[in-house]
Every structure is written in structure tokens, then in C-alpha cells.
Amino acid sequence: LLGTFSRGGWLALFFQFFLVTIIFFRKYIKKIIIILFLTLILLSPLFVYMIKWQKSDVGISSTESRILSPKIAWSKFKESIWVGQGSGEYENFLADNIRYMAKYDHPLDSHGVWQKIAAENGLLGVMSFAFFSFLIFYSFLNVMKNGGMLKEKKMFAFLVIGCVGVYLFEFFNTSYYMGKLWLPVAMTLAAATLIKEGSFQKYDWE
């Protein structure tokens with residue numbers, strides 16, 4: 001993941017590392033800070049390369065497209081605030097924009113779920129998706145607090161952390177409607193159901 005030099009990927013990875021540290025290794029926080037500092041020194045060539053890549057023509061073009069794309073989405077959102085322009089229309093918004101096409105030649109799907117939903121499905125779509133996401137992670141937190149034995153919670157915590165990572169990554173990606181996100185979410189929801197029903201106790205998970 002580090003080798004992809006994906007900004008969203010790096011953010012997701014470091015946030016997952018933060019969650020693992022807070023949940024499992026809080027009492028070793030001082031040692032972890034030292035290890036993290038040494039790790040950052042070892043990885044410093046990657047950070048230098050990332051900075052240079054961001055300043056290259058490719059990096060600058062990528063950043064500029066991520067600035068222009070939300071502006072186009074915002075203009076479409078204002079045209080139809082409540083219900084949006086229709087699902088699957090995002091690439092057409094970019095294709096119809098002369099400035100975007102002149103600079104980038106072909107349209108891409110949204111690099112961000114909120115602007116895509118806002119433009120395609122309006123405020124109702126944004127609120128629905130926010131509520132849907134809230135229910136998913138609320139159910140995860142409920143199991144972490146109230147469900148199952150300790151070893152079950154530890155296993156479930158890693159599923160949740162993986163789910164949080166891919167969820168966060170897809171906030172900056174183009175595949176929010178693909179299985180690569182919803183498969184781990186569904187697996188974590190299935191695990192939550194098993195823990196609530198006590199089904200995990202039938203197996204030896206060591």
C-alpha cells in the first residue's frame with residue numbers, strides 16, 4: 001500500500017495503525033512512539049519521493065482535477081438540491097464541462113463519495129447515505145461494547161478496523177459502488193450478528 005503512493009491509501013493505513021494502537025496497545029504507547037519515530041526515519045525516502053511526485057506534472061494535474069471536479073459537482077447540486085441529477089450521471093457532468101475536457105481529455109468517476117452523491121442524488125441522497133453509514137458503524141460499536149467474550153471482541157475489532165480502513169479509502173476513490181468495499185462491510189456485519197446470537201461460542205477461534 002505504501003508503494004502505491006496513493007494519498008487516500010496512506011491516510012487509511014495510518015488511521016488503521018492509530019486504531020490498532022488505541023484499542024490494543026495503549027499501555028505501550030511510549031514504546032510505540034519510539035518505534036514509530038524510527039519507522040518514519042526509515043520510510044523518509046518514501047515521503048521525500050511522495051513530495052516530489054506531488055510536485056511533478058502528474059501530481060499537480062491529479063490535485064487540480066480533484067479541485068475542479070467538486071466545483072462541477074457543486075454546481076450540479078445547486079441545480080437540483082433535493083433529489084439530484086440522477087444516479088450514474090457524474091461522468092456526464094464532467095464530459096459536458098468544456099474546461100475539464102480541454103484539460104483532462106476524458107471524464108473520470110468521482111474521487112470522493114460525498115460530492116458524487118450530492119450531485120447525483122441531492123440532499124436526500126446525502127442524508128440517506130450518512131444515516132446508512134451511521135447505522136453500520138453504530139452496530140459495530142454496540143457489539144464492541146456489549147457483545148460476546150473478550151477474544152470474540154478482539155477478533156471483531158480487527159474486522160472493524162479493516163472495514164474502517166477500506167471505508168475511509170473509498171472516500172477518496174472512484175469505486176464506492178463496487179464489491180471491494182461492501183464485501184468487508186458485509187463480512188463484519190455477519191460477524192456482528194454471529195456474536196449477538198452467541199454462535200461464535202460454538203467454535204474454537206484460537
# chains A, B, ... in the order shown; residues from 1 in each chain; ligands from 1
>>> residues_around(residues="segment 92-101 of chain A", least_positions_apart="6", cutoff="10 Å", atoms="only C-alpha atoms", output="PDB file with N, CA and C atoms, in the first residue's frame")
ATOM      1  N   SER A  65      -7.332  18.290 -10.783  1.00  0.00           N
ATOM      2  CA  SER A  65      -8.575  17.640 -11.189  1.00  0.00           C
ATOM      3  C   SER A  65      -9.477  17.382  -9.992  1.00  0.00           C
ATOM      4  N   LEU A  68     -11.148  20.793  -9.316  1.00  0.00           N
ATOM      5  CA  LEU A  68     -12.153  21.186 -10.305  1.00  0.00           C
ATOM      6  C   LEU A  68     -13.392  20.305 -10.231  1.00  0.00           C
ATOM      7  N   SER A  69     -13.193  19.009 -10.040  1.00  0.00           N
ATOM      8  CA  SER A  69     -14.315  18.072 -10.039  1.00  0.00           C
ATOM      9  C   SER A  69     -15.378  18.407  -8.989  1.00  0.00           C
ATOM     10  N   ILE A  72     -17.559  21.333 -10.126  1.00  0.00           N
ATOM     11  CA  ILE A  72     -18.582  20.941 -11.103  1.00  0.00           C
ATOM     12  C   ILE A  72     -19.738  20.248 -10.389  1.00  0.00           C
ATOM     13  N   ALA A  73     -19.401  19.354  -9.456  1.00  0.00           N
ATOM     14  CA  ALA A  73     -20.440  18.644  -8.705  1.00  0.00           C
ATOM     15  C   ALA A  73     -21.305  19.620  -7.905  1.00  0.00           C
ATOM     16  N   SER A  75     -21.962  22.751  -8.588  1.00  0.00           N
ATOM     17  CA  SER A  75     -22.862  23.492  -9.476  1.00  0.00           C
ATOM     18  C   SER A  75     -24.065  22.633  -9.865  1.00  0.00           C
ATOM     19  N   LYS A  76     -23.833  21.340 -10.079  1.00  0.00           N
ATOM     20  CA  LYS A  76     -24.942  20.439 -10.408  1.00  0.00           C
ATOM     21  C   LYS A  76     -25.849  20.214  -9.206  1.00  0.00           C
ATOM     22  N   GLN A  85     -29.303  14.976  -9.839  1.00  0.00           N
ATOM     23  CA  GLN A  85     -29.422  14.853 -11.293  1.00  0.00           C
ATOM     24  C   GLN A  85     -29.652  13.428 -11.772  1.00  0.00           C
ATOM     25  N   PRO A 107     -13.542  12.026 -19.074  1.00  0.00           N
ATOM     26  CA  PRO A 107     -14.109  12.128 -17.724  1.00  0.00           C
ATOM     27  C   PRO A 107     -13.789  10.891 -16.887  1.00  0.00           C
ATOM     28  N   LEU A 108     -13.652  11.091 -15.596  1.00  0.00           N
ATOM     29  CA  LEU A 108     -13.465  10.011 -14.638  1.00  0.00           C
ATOM     30  C   LEU A 108     -14.569  10.067 -13.590  1.00  0.00           C
ATOM     31  N   ASP A 109     -14.806   8.946 -12.958  1.00  0.00           N
ATOM     32  CA  ASP A 109     -15.786   8.948 -11.885  1.00  0.00           C
ATOM     33  C   ASP A 109     -15.248   9.762 -10.712  1.00  0.00           C
ATOM     34  N   SER A 110     -16.117  10.081  -9.792  1.00  0.00           N
ATOM     35  CA  SER A 110     -15.768  10.992  -8.699  1.00  0.00           C
ATOM     36  C   SER A 110     -14.684  10.424  -7.791  1.00  0.00           C
ATOM     37  N   ALA A 119     -24.264  15.430  -6.021  1.00  0.00           N
ATOM     38  CA  ALA A 119     -24.627  15.832  -7.381  1.00  0.00           C
ATOM     39  C   ALA A 119     -25.664  14.897  -7.991  1.00  0.00           C
ATOM     40  N   GLU A 120     -25.522  13.596  -7.757  1.00  0.00           N
ATOM     41  CA  GLU A 120     -26.405  12.625  -8.401  1.00  0.00           C
ATOM     42  C   GLU A 120     -27.730  12.437  -7.667  1.00  0.00           C
TER      43      GLU A 120
END
>>> select_by_dssp(residues="segment 55-187 of chain A", states="helix (DSSP H, G or I)", output="PDB file with C-alpha atoms, in the first residue's frame")
ATOM      1  CA  LYS A  55       5.122  18.450  -7.324  1.00  0.00           C
ATOM      2  CA  ASP A  57       3.234  17.298 -13.641  1.00  0.00           C
ATOM      3  CA  VAL A  58       1.324  14.111 -12.822  1.00  0.00           C
ATOM      4  CA  GLY A  59       0.844  15.044  -9.170  1.00  0.00           C
ATOM      5  CA  ILE A  60      -0.159  18.621  -9.913  1.00  0.00           C
ATOM      6  CA  SER A  61      -2.607  17.509 -12.596  1.00  0.00           C
ATOM      7  CA  SER A  62      -4.146  14.962 -10.233  1.00  0.00           C
ATOM      8  CA  THR A  63      -4.564  17.570  -7.492  1.00  0.00           C
ATOM      9  CA  GLU A  64      -6.054  20.147  -9.860  1.00  0.00           C
ATOM     10  CA  SER A  65      -8.575  17.640 -11.189  1.00  0.00           C
ATOM     11  CA  ARG A  66      -9.643  16.882  -7.617  1.00  0.00           C
ATOM     12  CA  ILE A  67     -10.210  20.606  -7.090  1.00  0.00           C
ATOM     13  CA  LEU A  68     -12.153  21.186 -10.305  1.00  0.00           C
ATOM     14  CA  SER A  69     -14.315  18.072 -10.039  1.00  0.00           C
ATOM     15  CA  PRO A  70     -16.052  19.078  -6.762  1.00  0.00           C
ATOM     16  CA  LYS A  71     -16.735  22.534  -8.187  1.00  0.00           C
ATOM     17  CA  ILE A  72     -18.582  20.941 -11.103  1.00  0.00           C
ATOM     18  CA  ALA A  73     -20.440  18.644  -8.705  1.00  0.00           C
ATOM     19  CA  TRP A  74     -21.407  21.610  -6.513  1.00  0.00           C
ATOM     20  CA  SER A  75     -22.862  23.492  -9.476  1.00  0.00           C
ATOM     21  CA  LYS A  76     -24.942  20.439 -10.408  1.00  0.00           C
ATOM     22  CA  PHE A  77     -26.043  20.017  -6.808  1.00  0.00           C
ATOM     23  CA  LYS A  78     -27.341  23.604  -6.716  1.00  0.00           C
ATOM     24  CA  GLU A  79     -29.392  22.946  -9.858  1.00  0.00           C
ATOM     25  CA  TYR A  90     -21.333  12.055 -12.642  1.00  0.00           C
ATOM     26  CA  GLU A  91     -19.111  11.293 -15.625  1.00  0.00           C
ATOM     27  CA  ASN A  92     -21.601  13.074 -17.877  1.00  0.00           C
ATOM     28  CA  PHE A  93     -21.227  16.206 -15.728  1.00  0.00           C
ATOM     29  CA  LEU A  94     -17.501  16.225 -16.440  1.00  0.00           C
ATOM     30  CA  ALA A  95     -17.936  15.334 -20.104  1.00  0.00           C
ATOM     31  CA  ILE A  98     -15.543  22.373 -21.539  1.00  0.00           C
ATOM     32  CA  ARG A  99     -12.825  23.383 -19.098  1.00  0.00           C
ATOM     33  CA  TYR A 100     -12.484  19.877 -17.684  1.00  0.00           C
ATOM     34  CA  MET A 101     -12.452  18.138 -21.063  1.00  0.00           C
ATOM     35  CA  ALA A 102      -9.969  20.612 -22.537  1.00  0.00           C
ATOM     36  CA  LYS A 103      -7.529  19.927 -19.737  1.00  0.00           C
ATOM     37  CA  TYR A 104      -8.040  16.228 -18.951  1.00  0.00           C
ATOM     38  CA  VAL A 113     -18.258   9.771  -2.411  1.00  0.00           C
ATOM     39  CA  TRP A 114     -19.953  12.844  -0.927  1.00  0.00           C
ATOM     40  CA  GLN A 115     -19.629  15.038  -3.986  1.00  0.00           C
ATOM     41  CA  LYS A 116     -20.838  12.174  -6.176  1.00  0.00           C
ATOM     42  CA  ILE A 117     -23.913  11.504  -4.052  1.00  0.00           C
ATOM     43  CA  ALA A 118     -24.662  15.210  -3.626  1.00  0.00           C
ATOM     44  CA  ALA A 119     -24.627  15.832  -7.381  1.00  0.00           C
ATOM     45  CA  GLU A 120     -26.405  12.625  -8.401  1.00  0.00           C
ATOM     46  CA  ASN A 121     -28.905  12.171  -5.556  1.00  0.00           C
ATOM     47  CA  GLY A 122     -29.133  15.554  -3.872  1.00  0.00           C
ATOM     48  CA  LEU A 123     -29.558  16.344  -0.207  1.00  0.00           C
ATOM     49  CA  LEU A 124     -31.905  13.407   0.321  1.00  0.00           C
ATOM     50  CA  GLY A 125     -29.248  11.068  -1.032  1.00  0.00           C
ATOM     51  CA  VAL A 126     -26.542  12.566   1.185  1.00  0.00           C
ATOM     52  CA  MET A 127     -28.712  12.295   4.304  1.00  0.00           C
ATOM     53  CA  SER A 128     -29.742   8.725   3.425  1.00  0.00           C
ATOM     54  CA  PHE A 129     -26.162   7.620   2.882  1.00  0.00           C
ATOM     55  CA  ALA A 130     -24.993   9.347   6.071  1.00  0.00           C
ATOM     56  CA  PHE A 131     -27.739   7.625   8.065  1.00  0.00           C
ATOM     57  CA  PHE A 132     -26.948   4.288   6.406  1.00  0.00           C
ATOM     58  CA  SER A 133     -23.260   4.657   7.300  1.00  0.00           C
ATOM     59  CA  PHE A 134     -24.140   5.681  10.850  1.00  0.00           C
ATOM     60  CA  LEU A 135     -26.257   2.548  11.344  1.00  0.00           C
ATOM     61  CA  ILE A 136     -23.432   0.316  10.124  1.00  0.00           C
ATOM     62  CA  PHE A 137     -20.793   1.708  12.446  1.00  0.00           C
ATOM     63  CA  TYR A 138     -23.204   2.131  15.347  1.00  0.00           C
ATOM     64  CA  SER A 139     -23.935  -1.595  15.150  1.00  0.00           C
ATOM     65  CA  PHE A 140     -20.175  -2.261  15.191  1.00  0.00           C
ATOM     66  CA  LEU A 141     -19.658  -0.102  18.285  1.00  0.00           C
ATOM     67  CA  ASN A 142     -22.603  -1.750  20.007  1.00  0.00           C
ATOM     68  CA  VAL A 143     -21.041  -5.185  19.567  1.00  0.00           C
ATOM     69  CA  MET A 144     -17.634  -3.883  20.717  1.00  0.00           C
ATOM     70  CA  LYS A 145     -19.224  -2.599  23.937  1.00  0.00           C
ATOM     71  CA  ASN A 146     -21.868  -5.194  24.743  1.00  0.00           C
ATOM     72  CA  LEU A 150     -13.153 -10.879  25.172  1.00  0.00           C
ATOM     73  CA  LYS A 151     -11.483 -12.993  22.479  1.00  0.00           C
ATOM     74  CA  GLU A 152     -14.516 -12.516  20.244  1.00  0.00           C
ATOM     75  CA  LYS A 153     -14.304  -8.755  20.700  1.00  0.00           C
ATOM     76  CA  LYS A 154     -10.603  -8.792  19.824  1.00  0.00           C
ATOM     77  CA  MET A 155     -11.264 -10.682  16.611  1.00  0.00           C
ATOM     78  CA  PHE A 156     -14.204  -8.446  15.795  1.00  0.00           C
ATOM     79  CA  ALA A 157     -12.095  -5.324  16.443  1.00  0.00           C
ATOM     80  CA  PHE A 158      -9.711  -6.297  13.648  1.00  0.00           C
ATOM     81  CA  LEU A 159     -12.649  -6.817  11.281  1.00  0.00           C
ATOM     82  CA  VAL A 160     -13.963  -3.367  12.199  1.00  0.00           C
ATOM     83  CA  ILE A 161     -10.543  -1.760  11.732  1.00  0.00           C
ATOM     84  CA  GLY A 162     -10.243  -3.339   8.288  1.00  0.00           C
ATOM     85  CA  CYS A 163     -13.746  -2.144   7.468  1.00  0.00           C
ATOM     86  CA  VAL A 164     -12.963   1.393   8.656  1.00  0.00           C
ATOM     87  CA  GLY A 165      -9.803   1.439   6.529  1.00  0.00           C
ATOM     88  CA  VAL A 166     -11.482   0.474   3.275  1.00  0.00           C
ATOM     89  CA  TYR A 167     -14.436   2.762   4.050  1.00  0.00           C
ATOM     90  CA  LEU A 168     -12.095   5.694   4.582  1.00  0.00           C
ATOM     91  CA  PHE A 169     -10.056   4.881   1.477  1.00  0.00           C
ATOM     92  CA  GLU A 170     -13.136   4.822  -0.718  1.00  0.00           C
ATOM     93  CA  GLY A 179     -17.848  -5.032  -4.047  1.00  0.00           C
ATOM     94  CA  LYS A 180     -14.315  -4.287  -2.880  1.00  0.00           C
ATOM     95  CA  LEU A 181     -15.864  -2.015  -0.243  1.00  0.00           C
ATOM     96  CA  TRP A 182     -19.111  -3.764   0.606  1.00  0.00           C
ATOM     97  CA  LEU A 183     -17.697  -7.302   0.893  1.00  0.00           C
ATOM     98  CA  PRO A 184     -15.641  -6.486   4.031  1.00  0.00           C
ATOM     99  CA  VAL A 185     -18.541  -4.419   5.386  1.00  0.00           C
ATOM    100  CA  ALA A 186     -20.915  -7.367   4.872  1.00  0.00           C
ATOM    101  CA  MET A 187     -18.450  -9.787   6.481  1.00  0.00           C
TER     102      MET A 187
END
>>> atom_distance(atom1="atom CA of Leu13 of chain A", atom2="atom CA of Phe25 of chain A")
16.9 Å
>>> atom_distance(atom1="atom CA of Ser6 of chain A", atom2="atom CA of Leu38 of chain A")
22.2 Å
>>> atom_distance(atom1="atom CA of Asp105 of chain A", atom2="atom CA of Trp53 of chain A")
21.6 Å
>>> residues_around(residues="segment 43-49 of chain A", least_positions_apart="3", cutoff="12 Å", atoms="only C-alpha atoms", output="list of chain:residue names")
A:Leu1, A:Leu2, A:Gly3, A:Thr4, A:Phe5, A:Ser6, A:Arg7, A:Trp10, A:Leu36, A:Phe37, A:Leu38, A:Thr39, A:Leu40, A:Lys52, A:Trp53, A:Gln54, A:Lys55, A:Ser56, A:Gly59
>>> decode(residues="segment 28-47 of chain A", atoms="C-alpha atoms", output="short mmCIF file (atom, residue, chain, number, x, y, z; two decimals), in the first residue's frame")
data_model
loop_
_atom_site.label_atom_id
_atom_site.label_comp_id
_atom_site.auth_asym_id
_atom_site.auth_seq_id
_atom_site.Cartn_x
_atom_site.Cartn_y
_atom_site.Cartn_z
CA TYR A 28 2.77 0.53 25.43
CA ILE A 29 2.18 3.94 23.89
CA LYS A 30 5.62 5.30 24.82
CA LYS A 31 7.44 2.37 23.22
CA ILE A 32 5.20 2.61 20.16
CA ILE A 33 6.01 6.30 19.73
CA ILE A 34 9.72 5.45 19.72
CA ILE A 35 9.21 2.62 17.24
CA LEU A 36 7.02 4.85 15.08
CA PHE A 37 9.65 7.57 15.09
CA LEU A 38 12.34 5.10 13.97
CA THR A 39 9.98 3.69 11.33
CA LEU A 40 9.30 7.16 9.95
CA ILE A 41 13.05 7.74 9.68
CA LEU A 42 13.42 4.50 7.71
CA LEU A 43 10.48 5.43 5.49
CA SER A 44 11.63 9.01 4.98
CA PRO A 45 12.84 8.27 1.41
CA LEU A 46 9.26 7.30 0.56
CA PHE A 47 7.95 10.57 1.99
#
